[in-house]
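Colleague: Have a look at this one before I ask anything.
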Amino acid sequence: MRYKHYGISVLLLLAGLLPCTLSAQTSAGRDFWVMFVENKGDQTQDVLFLQASAASASTVTVTHPATNWNASKSLGAGSIDTIVLPNSIAIPSTSGTVANNAFHVTATDDVNLYAYWCDLASAGVTMVVPTQFLDTQYIAQTWPGEVSRNLSGAEVGILSTQDNTVITMTLPVSVTGRTEPAGSTL
């Protein structure tokens, strides 16, 4: 019985000495792109803002390249701050079109970034993924077709960080209001 405990102790000790190959996942970064999609209703009542948190002191700068609008905030170590965005340039005025409505966010040190949207009846928030973690294949998750009050609930916004990017999208199901069947590539 005594040797059994020594064996377990030695095994645990060796396991503690093995190099760890796992790395921590993070949403922190210094370069981000973010956009907002059109919402039903009166868009003039919408409030759009970004919230940044920093472990170390950092200056966060938000620019809207299409209009040259910009804003900056200095964050102290361990702080959180908010930058309100002008909804007049953030939200596209028509659906199904290419719009230059993305915001570019840069920081002098790593920050976590969240995008908020709210109006009188609803709200939404998303974690913004740093540009360095963006990839080439995604799955778009949306509400199913007609949600309520005859409003189409299926909506997708696609953001590109580079000009002249070609997007290919395969429809997994038929979409109400479109002529392409399931499996079609747009």
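By convention here, the chains of the structure tokens are called A, B, ... in the order presented, each chain's residues are numbered starting at 1, and ligands are numbered starting at 1 in the order presented.
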At a cut-off of 12 Å, using only C-alpha atoms, what residues contact range 159-174 of chain A? Leave out same-chain residues fewer than 6 positions from it and give the result as an MDAnalysis selection string.
Modeller: chainID A and resid 31:37 65 98:105 128:142 144:145 180:186
Colleague: What does the structure give for the distance between CA of Asp119 in chain A and CA of Leu48 in chain A, in Å to one decimal?
Modeller: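 Separation of CA of Asp119 in chain A and CA of Leu48 in chain A: 8.9 Å.
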Colleague: Nearest to Val125 in chain A among A:Gln51, A:Thr26, A:Ser88, A:Thr59, with distances taken over only C-alpha atoms: which residue is it?
Modeller: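 The closest residue to Val125 in chain A is A:Gln51.
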Colleague: So what do you get for CA of Lys73 in chain A versus CA of Arg30 in chain A, distance-wise?
Modeller: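 Going from CA of Lys73 in chain A over to CA of Arg30 in chain A, I get 13.8 Å.
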Colleague: Check the smallest atom-to-atom distance from each of A:Leu85, A:Cys118, A:Ala71, A:Ala107 to Ala52 in chain A using only C-alpha atoms, then report the winner.
Modeller: A:Ala107
Colleague: If you measure from CA of Leu50 in chain A to CA of Leu113 in chain A, what distance in Å do you get, rounded to one decimal?
Modeller: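 That distance, rounded to one decimal, is 6.8 Å.
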Colleague: From the list A:Asn87, A:Ser79, A:Ser27, A:Thr126, which residue is nearest Asp46 in chain A when using only C-alpha atoms?
Modeller: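 Nearest to Asp46 in chain A: A:Asn87.
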Colleague: Hey, which of A:Thr61, A:Thr67, A:Ile83, A:Val47 ends up closest to Tyr114 in chain A? Count only C-alpha atoms.
Modeller: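 Counting only C-alpha atoms, the residue closest to Tyr114 in chain A is A:Ile83.
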